[in-house]
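*Asks:* Compact mmCIF, C-alpha atoms, file upload.txt:
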# COMPACT_ATOMS: atom_id res chain seq x y z
CA MET G 1 7.32 14.81 4.40
CA HIS G 2 8.51 11.57 2.84
CA VAL G 3 6.80 11.10 -0.55
CA THR G 4 6.55 7.77 -2.37
CA LEU G 5 5.55 7.03 -5.96
CA PHE G 6 3.48 3.83 -5.87
CA HIS G 7 2.41 1.59 -8.73
CA LEU G 8 -0.07 -1.29 -8.87
CA MET G 9 0.78 -2.35 -12.44
CA PRO G 10 -2.85 -3.11 -13.44
CA TYR G 11 -3.87 -4.99 -16.57
CA ALA G 12 -4.98 -1.84 -18.40
CA TYR G 13 -6.20 -3.80 -21.44
CA LEU G 14 -8.87 -5.67 -19.51
CA ASP G 15 -11.91 -6.40 -21.70
CA MET G 16 -14.71 -4.74 -19.74
CA ALA G 17 -17.44 -6.64 -21.56
CA GLU G 18 -15.83 -9.89 -20.40
CA ARG G 19 -15.22 -8.46 -16.93
CA GLU G 20 -18.98 -7.89 -16.58
CA LYS G 21 -19.59 -11.64 -16.74
CA TYR G 22 -17.82 -12.22 -13.42
CA ARG G 23 -18.35 -11.04 -9.86
CA SER G 24 -14.81 -9.77 -9.52
CA ALA G 25 -11.51 -9.20 -11.30
CA TRP G 26 -9.96 -11.27 -8.51
CA VAL G 27 -9.50 -15.05 -8.16
CA ILE G 28 -12.30 -16.11 -10.54
CA LEU G 29 -11.56 -13.95 -13.61
CA PRO G 30 -10.22 -16.37 -16.27
CA ASN G 31 -6.56 -15.89 -17.07
CA THR G 32 -7.37 -16.38 -20.75
CA LEU G 33 -8.21 -12.65 -20.69
CA PHE G 34 -4.51 -11.90 -20.16
CA ASP G 35 -2.55 -11.32 -23.37
CA PRO G 36 1.19 -11.90 -22.76
CA ASP G 37 2.14 -9.52 -25.59
CA LYS G 38 0.21 -6.74 -23.90
CA GLY G 39 1.58 -7.84 -20.55
CA HIS G 40 5.10 -7.44 -21.94
CA GLU G 41 4.25 -3.90 -23.05
CA LEU G 42 2.62 -2.96 -19.75
CA TYR G 43 5.35 -4.33 -17.49
CA ASN G 44 8.01 -2.37 -19.32
CA ARG G 45 5.91 0.79 -19.42
CA TYR G 46 5.21 0.57 -15.70
CA LEU G 47 8.85 -0.07 -14.85
CA ASP G 48 9.76 3.01 -16.92
CA GLU G 49 7.25 5.07 -14.90
CA LEU G 50 8.70 3.87 -11.60
CA GLU G 51 12.31 4.39 -12.69
CA MET G 52 11.45 8.00 -13.57
CA GLY G 53 10.49 8.45 -9.92
CA GLU G 54 14.17 8.88 -9.08
CA GLN G 55 14.64 11.63 -11.67
CA TYR G 56 11.43 13.30 -10.54
CA GLY G 57 12.78 13.56 -7.01
CA PHE G 58 10.53 11.17 -5.09
CA ASP G 59 11.96 9.78 -1.87
CA ALA G 60 10.84 6.24 -2.69
CA ILE G 61 9.27 4.15 -5.43
CA ALA G 62 6.96 1.34 -4.40
CA VAL G 63 5.50 -1.95 -5.58
CA ASN G 64 3.25 -4.49 -3.87
CA GLU G 65 1.91 -8.04 -3.89
CA HIS G 66 -1.41 -9.41 -5.12
CA HIS G 67 -2.34 -12.73 -6.68
CA GLN G 68 -4.60 -13.99 -9.47
CA ASN G 69 -6.21 -10.72 -10.55
CA ALA G 70 -6.26 -7.95 -13.15
CA TYR G 71 -5.98 -5.25 -10.48
CA GLY G 72 -2.23 -5.59 -9.99
CA LEU G 73 0.15 -7.76 -12.02
CA MET G 74 2.67 -8.32 -9.24
CA PRO G 75 2.28 -11.73 -7.61
CA SER G 76 5.99 -11.30 -6.81
CA PRO G 77 6.84 -7.71 -5.90
CA VAL G 78 10.37 -8.94 -5.23
CA VAL G 79 10.84 -9.45 -8.98
CA MET G 80 9.81 -5.86 -9.71
CA ALA G 81 11.80 -4.38 -6.83
CA ALA G 82 14.88 -6.36 -7.84
CA THR G 83 14.52 -5.05 -11.40
CA LEU G 84 14.58 -1.52 -9.99
CA THR G 85 17.61 -2.01 -7.74
CA ARG G 86 20.19 -1.61 -10.50
CA LYS G 87 18.26 0.99 -12.48
CA THR G 88 18.24 3.47 -9.60
CA LYS G 89 20.98 4.92 -7.42
CA ARG G 90 19.37 7.22 -4.84
CA VAL G 91 15.67 6.55 -4.38
CA GLN G 92 14.43 4.09 -1.76
CA ILE G 93 12.64 0.99 -3.02
CA ALA G 94 9.56 0.04 -1.03
CA VAL G 95 7.88 -3.34 -1.19
CA LEU G 96 4.41 -2.48 0.17
CA GLY G 97 4.32 -5.22 0.96
CA SER G 98 5.27 -8.86 1.01
CA ALA G 99 2.79 -11.33 2.51
CA PHE G 100 5.27 -13.24 4.68
CA GLY G 101 2.52 -15.07 6.57
CA LEU G 102 0.95 -16.54 3.43
CA ARG G 103 4.13 -18.50 2.73
CA GLU G 104 5.03 -21.89 4.07
CA HIS G 105 8.66 -20.75 3.98
CA PRO G 106 8.87 -17.03 4.87
CA LEU G 107 12.65 -17.32 5.19
CA THR G 108 12.77 -17.26 1.38
CA LEU G 109 11.29 -13.76 1.41
CA ALA G 110 13.60 -12.77 4.26
CA GLU G 111 16.56 -13.82 2.11
CA GLU G 112 15.27 -11.96 -0.95
CA HIS G 113 14.66 -8.74 0.99
CA ALA G 114 18.14 -9.00 2.51
CA MET G 115 19.62 -9.44 -0.97
CA MET G 116 17.88 -6.30 -2.27
CA ASP G 117 18.97 -4.33 0.78
CA CYS G 118 22.59 -5.32 0.14
CA ILE G 119 22.43 -4.62 -3.60
CA THR G 120 21.03 -1.12 -2.99
CA GLY G 121 23.30 -0.29 -0.08
CA GLY G 122 20.40 0.02 2.35
CA ARG G 123 17.65 1.55 0.21
CA LEU G 124 14.98 -1.07 0.92
CA ILE G 125 11.73 -0.38 2.78
CA SER G 126 10.18 -3.71 3.72
CA GLY G 127 6.41 -3.61 3.88
CA MET G 128 4.80 -6.49 5.76
CA VAL G 129 1.18 -7.45 5.10
CA ARG G 130 -1.16 -10.32 5.92
CA GLY G 131 -2.55 -10.24 2.39
CA ILE G 132 -6.09 -9.06 1.72
CA GLY G 133 -9.00 -11.48 2.00
CA ALA G 134 -8.95 -12.54 -1.64
CA GLU G 135 -5.41 -13.88 -1.26
CA TYR G 136 -6.74 -16.57 1.06
CA TYR G 137 -8.69 -18.04 -1.84
CA SER G 138 -5.53 -18.07 -3.96
CA PHE G 139 -3.37 -19.61 -1.21
CA PRO G 140 -4.28 -22.63 0.94
CA ALA G 141 -4.11 -20.56 4.13
CA ASN G 142 -6.73 -20.24 6.85
CA PRO G 143 -7.87 -16.60 7.25
CA ALA G 144 -9.01 -17.29 10.82
CA ILE G 145 -5.41 -17.75 11.94
CA SER G 146 -3.95 -15.11 9.61
CA HIS G 147 -3.06 -12.69 12.42
CA GLU G 148 -1.15 -15.20 14.54
CA ARG G 149 0.52 -16.70 11.48
CA PHE G 150 1.57 -13.25 10.25
CA HIS G 151 2.91 -12.26 13.67
CA GLU G 152 4.92 -15.48 13.92
CA ALA G 153 6.31 -15.02 10.39
CA HIS G 154 7.28 -11.46 11.34
CA ASP G 155 9.11 -12.68 14.47
CA LEU G 156 10.93 -15.32 12.43
CA VAL G 157 12.02 -12.81 9.80
CA ILE G 158 13.18 -10.21 12.34
CA GLN G 159 15.21 -12.82 14.17
CA ALA G 160 16.68 -14.08 10.90
CA TRP G 161 17.75 -10.53 10.05
CA THR G 162 19.19 -9.66 13.46
CA ARG G 163 20.32 -12.79 15.35
CA PRO G 164 23.67 -14.46 14.70
CA GLY G 165 23.09 -17.87 13.15
CA PRO G 166 22.65 -20.67 13.00
CA PHE G 167 19.80 -21.01 15.49
CA SER G 168 16.54 -22.95 15.59
CA PHE G 169 13.04 -21.47 15.48
CA GLU G 170 10.14 -23.43 16.92
CA GLY G 171 6.76 -21.74 16.63
CA LYS G 172 3.17 -22.83 16.30
CA HIS G 173 3.14 -22.46 12.52
CA TYR G 174 6.81 -22.41 11.51
CA HIS G 175 9.58 -24.85 12.43
CA PHE G 176 13.17 -24.37 11.29
CA GLU G 177 16.09 -26.33 12.68
CA TYR G 178 18.57 -23.99 11.02
CA VAL G 179 18.03 -20.26 10.62
CA ASN G 180 21.28 -18.88 9.26
CA LEU G 181 20.57 -16.10 6.79
CA TRP G 182 23.13 -15.50 4.06
CA PRO G 183 23.21 -12.63 3.16
CA ARG G 184 22.28 -10.45 6.11
CA PRO G 185 20.59 -7.07 5.47
CA TYR G 186 22.74 -4.02 4.80
CA GLN G 187 20.71 -1.80 7.17
CA LYS G 188 21.14 -2.23 10.90
CA PRO G 189 19.37 -3.67 12.70
CA HIS G 190 17.18 -4.35 9.63
CA PRO G 191 15.35 -2.51 6.80
CA ALA G 192 12.66 -0.01 7.73
CA ILE G 193 9.30 -1.75 8.14
CA TRP G 194 5.98 -0.31 7.01
CA ILE G 195 2.55 -1.84 7.66
CA PRO G 196 -0.09 -1.07 5.00
CA SER G 197 -3.62 -1.73 6.26
CA GLN G 198 -7.30 -1.26 5.53
CA GLY G 199 -7.97 -0.45 9.17
CA SER G 200 -7.87 -3.52 11.39
CA THR G 201 -7.79 -2.39 15.04
CA GLU G 202 -5.47 -5.29 15.86
CA THR G 203 -3.03 -4.14 13.18
CA VAL G 204 -3.01 -0.57 14.49
CA ASP G 205 -2.34 -1.82 18.01
CA TRP G 206 0.36 -4.27 16.92
CA SER G 207 2.15 -1.74 14.69
CA SER G 208 2.26 0.90 17.41
CA HIS G 209 3.72 -1.39 20.10
CA PRO G 210 6.88 0.14 21.66
CA SER G 211 9.02 -2.77 20.46
CA ARG G 212 8.00 -2.01 16.85
CA ARG G 213 6.74 1.55 16.29
CA TYR G 214 6.36 0.72 12.61
CA VAL G 215 5.05 3.11 9.99
CA TYR G 216 1.31 2.47 9.72
CA LEU G 217 -0.05 3.19 6.24
CA GLN G 218 -3.79 3.68 5.73
CA THR G 219 -5.00 2.77 2.23
CA TYR G 220 -8.02 3.54 0.01
CA SER G 221 -10.22 5.17 2.60
CA PRO G 222 -12.46 8.23 2.93
CA ILE G 223 -10.51 11.00 4.63
CA LYS G 224 -12.64 10.67 7.78
CA ALA G 225 -11.55 7.03 8.05
CA VAL G 226 -7.92 8.00 7.43
CA ALA G 227 -8.15 10.47 10.31
CA LYS G 228 -9.86 7.85 12.50
CA TYR G 229 -7.18 5.20 12.06
CA LEU G 230 -4.10 7.42 12.05
CA ASN G 231 -5.29 9.19 15.18
CA MET G 232 -6.21 5.80 16.68
CA TYR G 233 -2.53 4.90 16.32
CA ARG G 234 -1.56 8.04 18.27
CA GLU G 235 -4.15 7.33 20.97
CA ILE G 236 -3.17 3.66 21.41
CA ALA G 237 0.51 4.60 21.57
CA ASN G 238 -0.25 7.18 24.24
CA LYS G 239 -2.92 5.52 26.37
CA LYS G 240 -1.96 1.85 26.06
CA HIS G 241 1.75 1.85 25.31
CA GLY G 242 2.81 4.98 27.19
CA TYR G 243 4.64 6.99 24.55
CA THR G 244 3.94 9.79 22.08
CA ALA G 245 3.87 8.54 18.50
CA LYS G 246 5.79 10.60 15.98
CA SER G 247 4.13 11.83 12.82
CA SER G 248 6.84 9.95 10.92
CA GLN G 249 5.13 6.73 12.09
CA LEU G 250 2.00 7.57 10.08
CA GLY G 251 1.26 7.35 6.37
CA TRP G 252 -1.56 7.71 3.86
CA ALA G 253 -1.84 6.12 0.41
CA THR G 254 -4.27 7.44 -2.21
CA PRO G 255 -4.77 7.71 -5.98
CA LEU G 256 -4.09 11.21 -7.30
CA TYR G 257 -4.50 13.02 -10.61
CA VAL G 258 -3.66 16.64 -11.33
CA ALA G 259 -4.36 18.72 -14.45
CA GLU G 260 -4.45 22.37 -15.45
CA THR G 261 -8.03 22.82 -14.21
CA ASP G 262 -10.51 20.90 -12.06
CA GLU G 263 -12.67 20.30 -15.11
CA LYS G 264 -9.80 18.88 -17.13
CA ALA G 265 -8.66 16.65 -14.27
CA ILE G 266 -12.15 15.21 -13.85
CA GLU G 267 -12.56 14.72 -17.59
CA ASP G 268 -9.24 12.89 -17.88
CA ALA G 269 -9.57 10.76 -14.75
CA ARG G 270 -13.29 9.94 -14.73
CA ARG G 271 -13.31 6.65 -16.61
CA PRO G 272 -10.03 5.23 -15.22
CA ILE G 273 -10.79 6.05 -11.58
CA GLU G 274 -14.39 4.83 -11.77
CA LEU G 275 -13.22 1.61 -13.41
CA PHE G 276 -10.54 1.28 -10.76
CA PHE G 277 -13.04 1.16 -7.90
CA SER G 278 -16.01 -0.49 -9.63
CA LYS G 279 -14.28 -3.06 -11.88
CA PHE G 280 -10.66 -3.60 -10.81
CA LEU G 281 -10.85 -3.31 -7.02
CA ALA G 282 -14.42 -4.47 -6.39
CA GLN G 283 -14.89 -7.82 -4.64
CA PRO G 284 -17.92 -9.57 -3.15
CA PRO G 285 -18.06 -9.39 0.67
CA GLU G 286 -17.14 -13.05 1.17
CA MET G 287 -13.99 -12.55 -0.88
CA LEU G 288 -13.05 -9.25 0.73
CA PHE G 289 -13.56 -10.47 4.29
CA PRO G 290 -13.53 -14.28 4.37
CA PRO G 291 -14.73 -15.87 7.63
CA GLY G 292 -12.32 -15.20 10.47
CA TYR G 293 -10.16 -12.73 8.56
CA LEU G 294 -11.19 -9.84 10.85
CA SER G 295 -12.39 -9.83 14.44
CA MET G 296 -16.00 -8.72 14.88
CA ALA G 297 -14.86 -5.37 16.24
CA SER G 298 -12.49 -4.75 13.32
CA LEU G 299 -15.05 -5.93 10.76
CA LYS G 300 -17.60 -3.51 12.15
CA GLY G 301 -15.08 -0.66 12.19
CA VAL G 302 -13.75 -1.25 8.68
CA THR G 303 -17.26 -1.69 7.25
CA GLN G 304 -18.41 1.58 8.78
CA ALA G 305 -15.27 3.46 7.82
CA LYS G 306 -15.42 2.32 4.19
CA GLN G 307 -19.17 2.44 3.67
CA THR G 308 -18.59 4.91 0.84
CA LEU G 309 -16.89 2.17 -1.17
CA ARG G 310 -19.50 -0.49 -0.46
CA GLY G 311 -22.83 1.30 -0.77
CA GLY G 312 -25.45 0.61 -3.39
CA THR G 313 -24.96 3.87 -5.30
CA PRO G 314 -22.44 4.06 -8.16
CA LEU G 315 -18.93 5.19 -7.23
CA THR G 316 -18.75 8.28 -9.39
CA ILE G 317 -15.66 10.43 -9.49
CA GLU G 318 -17.62 13.23 -7.82
CA LYS G 319 -18.50 10.97 -4.88
CA LEU G 320 -14.95 9.68 -4.53
CA ILE G 321 -13.59 13.24 -4.51
CA ALA G 322 -16.23 14.51 -2.08
CA GLU G 323 -15.49 11.70 0.40
CA GLY G 324 -11.76 12.27 0.13
CA VAL G 325 -11.07 8.76 -1.15
CA VAL G 326 -9.10 10.21 -4.08
CA ILE G 327 -7.46 13.55 -4.81
CA ILE G 328 -8.25 14.83 -8.30
CA GLY G 329 -8.19 18.41 -9.54
CA SER G 330 -6.12 21.41 -10.46
CA VAL G 331 -2.80 22.19 -8.81
CA GLU G 332 -4.45 24.49 -6.28
CA THR G 333 -7.25 22.03 -5.54
CA VAL G 334 -4.83 19.16 -5.00
CA LYS G 335 -2.64 21.28 -2.72
CA LYS G 336 -5.68 22.40 -0.74
CA ARG G 337 -7.00 18.86 -0.25
CA LEU G 338 -3.61 17.52 0.79
CA THR G 339 -3.20 20.37 3.27
CA GLU G 340 -6.62 19.66 4.78
CA ALA G 341 -5.93 15.92 5.01
CA HIS G 342 -2.64 16.61 6.74
CA ARG G 343 -4.27 19.10 9.09
CA LEU G 344 -6.53 16.32 10.39
CA THR G 345 -3.96 13.54 10.60
CA GLY G 346 -0.41 14.90 10.63
CA PHE G 347 0.95 12.02 8.50
CA GLN G 348 4.56 12.41 7.39
CA ASN G 349 4.57 9.63 4.79
CA PHE G 350 2.54 10.24 1.66
CA VAL G 351 2.20 7.42 -0.86
CA THR G 352 0.64 8.52 -4.12
CA MET G 353 -0.56 6.37 -6.99
CA LEU G 354 -0.39 8.46 -10.16
CA GLN G 355 -1.41 5.69 -12.55
CA PHE G 356 -4.58 3.68 -11.98
CA ALA G 357 -6.68 1.18 -13.96
CA THR G 358 -6.72 2.22 -17.63
CA LEU G 359 -5.04 5.63 -17.33
CA ASP G 360 -2.81 5.89 -20.40
CA ARG G 361 0.89 6.66 -20.60
CA ASP G 362 0.55 10.28 -21.77
CA LYS G 363 -1.97 11.32 -19.13
CA THR G 364 0.05 9.57 -16.43
CA LYS G 365 3.19 11.42 -17.52
CA ARG G 366 1.50 14.82 -17.70
CA SER G 367 -0.14 14.44 -14.29
CA THR G 368 3.10 13.20 -12.72
CA GLU G 369 5.09 16.12 -14.09
CA LEU G 370 2.52 18.64 -12.84
CA PHE G 371 2.52 17.00 -9.43
CA VAL G 372 6.31 17.03 -9.22
CA GLU G 373 6.68 20.61 -10.41
CA LYS G 374 3.74 22.29 -8.70
CA VAL G 375 2.53 20.11 -5.81
CA LEU G 376 5.50 18.15 -4.46
CA PRO G 377 7.31 21.21 -3.00
CA HIS G 378 4.12 22.12 -1.13
CA VAL G 379 3.65 18.58 0.20
CA ARG G 380 7.22 18.55 1.51
CA SER G 381 6.53 21.75 3.45
CA LEU G 382 3.71 20.19 5.52
CA ASP G 383 4.91 19.45 9.05
CA ASP G 384 3.53 19.18 12.56
CA ASP G 385 2.79 22.91 12.60
CA ASN G 386 -0.06 22.17 10.19
CA PHE G 387 -1.52 19.34 12.33
CA VAL G 388 -4.34 20.50 14.58
CA GLY G 389 -3.97 17.66 17.08
CA LEU G 390 -6.19 14.83 18.23
CA ALA G 391 -8.81 16.87 20.04
CA ALA G 392 -9.39 19.29 17.18
CA ALA G 393 -9.33 16.51 14.55
CA ALA G 394 -12.08 14.66 16.42
CA GLU G 395 -14.47 17.62 16.31
Just give me the structure of the file as structure tokens.

*Replies:*
Amino acid sequence: MHVTLFHLMPYAYLDMAEREKYRSAWVILPNTLFDPDKGHELYNRYLDELEMGEQYGFDAIAVNEHHQNAYGLMPSPVVMAATLTRKTKRVQIAVLGSAFGLREHPLTLAEEHAMMDCITGGRLISGMVRGIGAEYYSFPANPAISHERFHEAHDLVIQAWTRPGPFSFEGKHYHFEYVNLWPRPYQKPHPAIWIPSQGSTETVDWSSHPSRRYVYLQTYSPIKAVAKYLNMYREIANKKHGYTAKSSQLGWATPLYVAETDEKAIEDARRPIELFFSKFLAQPPEMLFPPGYLSMASLKGVTQAKQTLRGGTPLTIEKLIAEGVVIIGSVETVKKRLTEAHRLTGFQNFVTMLQFATLDRDKTKRSTELFVEKVLPHVRSLDDDNFVGLAAAAE
């Protein structure tokens, strides 16, 4: 099992009374609520927590991209990843991910990823995302053509990383007379590519194509939805593409908190995790899924799969735990829930977020150390022998 320490770098000092005046902490939340002095403190604290991931023994440390929000202060994950390249020596650095298709000039990101791959001697994992719906309010991009634009940006970047230059690229959305990347990536043919997703059927199909076979990473979902989409990847690979997907092509990302007892874990994590889902992550439907962002089939599937997160009842920690959206509890409880999740899905990439919303430094550190000492060895031991297979998982 490949285990990644992931960080969102949220604005933990968000004034909740002010947050209540707005529909979301995304796009429309005034940036006057951001205090640069506190931002300075938080950025350096969060970088410290990620750098410790190497000493703790994680396989990778991960950052990601979001814009104009209090949920994650990383409009440029490249900046954060680059900061980590010289502070670490062994651990992989995952950008989960960069929204290549949102850019007018995706070659800039291709260059930056290649630079980081060279600096680290091949430790980069390059996550590629379309960008969630809210990003299309922050960027002047049409969500209705986001799939085709993303796919074309992907093709441009892969060619830039692998083809001898200079050459020209003429697509529907991108036109470059000279593609001649300096530097080229350290890894051959290119850095490992992961595809984080909320559950678009088109993304599952595209990721599993034989020419790609990328790691598909399911995020923020009830465990039943995780099983649905990870096993959908296996089924599409088998029935449509004619090959058997490896468990190493599948991943799951979830918030996690561990304490000495279940009661202590719930007491510590209650306010931060409930704020995370109800105040930091929450978006109105039109912002989450702008017109054209998902096909009708994918919109129906995602809405059904994530109904737990969009219902009218409050998202209490008890509900989030019961639905398997988060893993919170004692060492034994966390191990049990991870084992059961793996039994249904067989994922071999686990991405865990050990800090979320307003969770303070001390609690984050204590939970991380318990996870590393008591849970991580167990997670690493989970392999295909624990996976019950598609037929049994569907029952």

*Asks:* Identify the residues within 8 Å of coordinate (-5.0, -3.1, -9.0) (same frame as the file), considering all atoms listed in the file, and give the answer as a VMD selection string.

*Replies:* chain G and resid 8 to 11 69 to 73 276 280 to 281 356 to 357

*Asks:* Record the distance separating CA of Ile317 (chain G) and CA of Arg270 (chain G), expressed in Å with one decimal.

*Replies:*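 Separating CA of Ile317 (chain G) from CA of Arg270 (chain G) is a distance of 5.8 Å.
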
*Asks:* Closest to Phe169 (chain G) among G:Val334, G:Glu51, G:Leu107, G:Ser138, using all atoms listed in the file?

*Replies:*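 Of G:Val334, G:Glu51, G:Leu107, G:Ser138, the one nearest Phe169 (chain G) is G:Leu107, counting all atoms listed in the file.
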
*Asks:* Kindly indicate which residue among G:Val27, G:Leu33, G:Ala114, G:Met296 lies nearest to Ala144 (chain G), using only C-alpha atoms for the distances.

*Replies:*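 Distance minimum relative to Ala144 (chain G) lands on G:Met296.
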
*Asks:* List the neighbours of region 81-95 of chain G out to 12 Å using all atoms listed in the file; skip same-chain residues closer than 6 positions along the sequence, and give me the result as number ranges by chain.

*Replies:* G: 2-8, 43-44, 46-66, 74-75, 109, 112-129, 191-196, 351

*Asks:* Pick out the residues sitting within 10 Å of region 380-387 of chain G, and hand them over as a PDB file with C-alpha atoms, in the coordinates of the input; count all atoms listed in the file, and ignore anything fewer than 6 positions along from it in its own chain.

*Replies:*
ATOM      1  CA  MET G   1       7.320  14.810   4.400  1.00  0.00           C
ATOM      2  CA  HIS G   2       8.510  11.570   2.840  1.00  0.00           C
ATOM      3  CA  VAL G   3       6.800  11.100  -0.550  1.00  0.00           C
ATOM      4  CA  LYS G 246       5.790  10.600  15.980  1.00  0.00           C
ATOM      5  CA  SER G 247       4.130  11.830  12.820  1.00  0.00           C
ATOM      6  CA  SER G 248       6.840   9.950  10.920  1.00  0.00           C
ATOM      7  CA  LEU G 338      -3.610  17.520   0.790  1.00  0.00           C
ATOM      8  CA  THR G 339      -3.200  20.370   3.270  1.00  0.00           C
ATOM      9  CA  GLU G 340      -6.620  19.660   4.780  1.00  0.00           C
ATOM     10  CA  ALA G 341      -5.930  15.920   5.010  1.00  0.00           C
ATOM     11  CA  HIS G 342      -2.640  16.610   6.740  1.00  0.00           C
ATOM     12  CA  ARG G 343      -4.270  19.100   9.090  1.00  0.00           C
ATOM     13  CA  LEU G 344      -6.530  16.320  10.390  1.00  0.00           C
ATOM     14  CA  THR G 345      -3.960  13.540  10.600  1.00  0.00           C
ATOM     15  CA  GLY G 346      -0.410  14.900  10.630  1.00  0.00           C
ATOM     16  CA  PHE G 347       0.950  12.020   8.500  1.00  0.00           C
ATOM     17  CA  GLN G 348       4.560  12.410   7.390  1.00  0.00           C
ATOM     18  CA  ASN G 349       4.570   9.630   4.790  1.00  0.00           C
ATOM     19  CA  PHE G 350       2.540  10.240   1.660  1.00  0.00           C
ATOM     20  CA  ALA G 393      -9.330  16.510  14.550  1.00  0.00           C
TER      21      ALA G 393
END

*Asks:* Writing C-alpha atoms and nothing else, produce region 79-135 of chain G as a PDB file, in the first residue's frame.

*Replies:*
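Resulting contents of decode_2.pdb:
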ATOM      1  CA  VAL G  79       4.783  26.998  -5.288  1.00  0.00           C
ATOM      2  CA  MET G  80       4.181  24.688  -2.329  1.00  0.00           C
ATOM      3  CA  ALA G  81       5.570  21.606  -4.057  1.00  0.00           C
ATOM      4  CA  ALA G  82       8.662  23.526  -5.146  1.00  0.00           C
ATOM      5  CA  THR G  83       9.187  24.675  -1.554  1.00  0.00           C
ATOM      6  CA  LEU G  84       9.171  21.027  -0.496  1.00  0.00           C
ATOM      7  CA  THR G  85      11.585  19.792  -3.166  1.00  0.00           C
ATOM      8  CA  ARG G  86      14.733  20.937  -1.365  1.00  0.00           C
ATOM      9  CA  LYS G  87      13.464  20.242   2.143  1.00  0.00           C
ATOM     10  CA  THR G  88      12.975  16.539   1.455  1.00  0.00           C
ATOM     11  CA  LYS G  89      15.254  13.834   0.080  1.00  0.00           C
ATOM     12  CA  ARG G  90      13.262  10.594  -0.140  1.00  0.00           C
ATOM     13  CA  VAL G  91       9.521  11.151  -0.106  1.00  0.00           C
ATOM     14  CA  GLN G  92       7.574  11.612  -3.342  1.00  0.00           C
ATOM     15  CA  ILE G  93       5.908  14.979  -3.879  1.00  0.00           C
ATOM     16  CA  ALA G  94       2.410  14.780  -5.317  1.00  0.00           C
ATOM     17  CA  VAL G  95       0.582  17.692  -6.887  1.00  0.00           C
ATOM     18  CA  LEU G  96      -3.038  16.481  -6.661  1.00  0.00           C
ATOM     19  CA  GLY G  97      -3.475  18.182  -8.912  1.00  0.00           C
ATOM     20  CA  SER G  98      -2.806  20.950 -11.369  1.00  0.00           C
ATOM     21  CA  ALA G  99      -5.711  22.195 -13.484  1.00  0.00           C
ATOM     22  CA  PHE G 100      -3.909  22.191 -16.835  1.00  0.00           C
ATOM     23  CA  GLY G 101      -7.121  22.725 -18.805  1.00  0.00           C
ATOM     24  CA  LEU G 102      -8.045  25.919 -16.962  1.00  0.00           C
ATOM     25  CA  ARG G 103      -4.926  27.626 -18.299  1.00  0.00           C
ATOM     26  CA  GLU G 104      -4.569  29.420 -21.580  1.00  0.00           C
ATOM     27  CA  HIS G 105      -0.945  28.271 -21.596  1.00  0.00           C
ATOM     28  CA  PRO G 106      -0.697  24.770 -20.065  1.00  0.00           C
ATOM     29  CA  LEU G 107       2.893  24.483 -21.291  1.00  0.00           C
ATOM     30  CA  THR G 108       3.863  26.737 -18.367  1.00  0.00           C
ATOM     31  CA  LEU G 109       2.644  24.073 -15.944  1.00  0.00           C
ATOM     32  CA  ALA G 110       4.329  21.370 -18.014  1.00  0.00           C
ATOM     33  CA  GLU G 111       7.608  23.254 -17.644  1.00  0.00           C
ATOM     34  CA  GLU G 112       7.155  23.747 -13.907  1.00  0.00           C
ATOM     35  CA  HIS G 113       6.345  20.078 -13.298  1.00  0.00           C
ATOM     36  CA  ALA G 114       9.379  19.067 -15.357  1.00  0.00           C
ATOM     37  CA  MET G 115      11.558  21.402 -13.285  1.00  0.00           C
ATOM     38  CA  MET G 116      10.358  19.851 -10.016  1.00  0.00           C
ATOM     39  CA  ASP G 117      10.871  16.359 -11.376  1.00  0.00           C
ATOM     40  CA  CYS G 118      14.474  17.218 -12.268  1.00  0.00           C
ATOM     41  CA  ILE G 119      15.186  18.949  -8.949  1.00  0.00           C
ATOM     42  CA  THR G 120      13.927  15.927  -6.988  1.00  0.00           C
ATOM     43  CA  GLY G 121      15.546  13.318  -9.191  1.00  0.00           C
ATOM     44  CA  GLY G 122      12.208  11.840 -10.243  1.00  0.00           C
ATOM     45  CA  ARG G 123      10.104  12.154  -7.084  1.00  0.00           C
ATOM     46  CA  LEU G 124       7.176  14.024  -8.637  1.00  0.00           C
ATOM     47  CA  ILE G 125       3.651  12.625  -8.945  1.00  0.00           C
ATOM     48  CA  SER G 126       1.713  14.814 -11.360  1.00  0.00           C
ATOM     49  CA  GLY G 127      -1.987  14.959 -10.616  1.00  0.00           C
ATOM     50  CA  MET G 128      -4.156  16.234 -13.454  1.00  0.00           C
ATOM     51  CA  VAL G 129      -7.593  17.697 -12.751  1.00  0.00           C
ATOM     52  CA  ARG G 130     -10.241  19.670 -14.626  1.00  0.00           C
ATOM     53  CA  GLY G 131     -10.808  21.860 -11.583  1.00  0.00           C
ATOM     54  CA  ILE G 132     -14.033  21.631  -9.596  1.00  0.00           C
ATOM     55  CA  GLY G 133     -17.087  23.618 -10.657  1.00  0.00           C
ATOM     56  CA  ALA G 134     -16.300  26.665  -8.529  1.00  0.00           C
ATOM     57  CA  GLU G 135     -13.023  27.192 -10.390  1.00  0.00           C
TER      58      GLU G 135
END
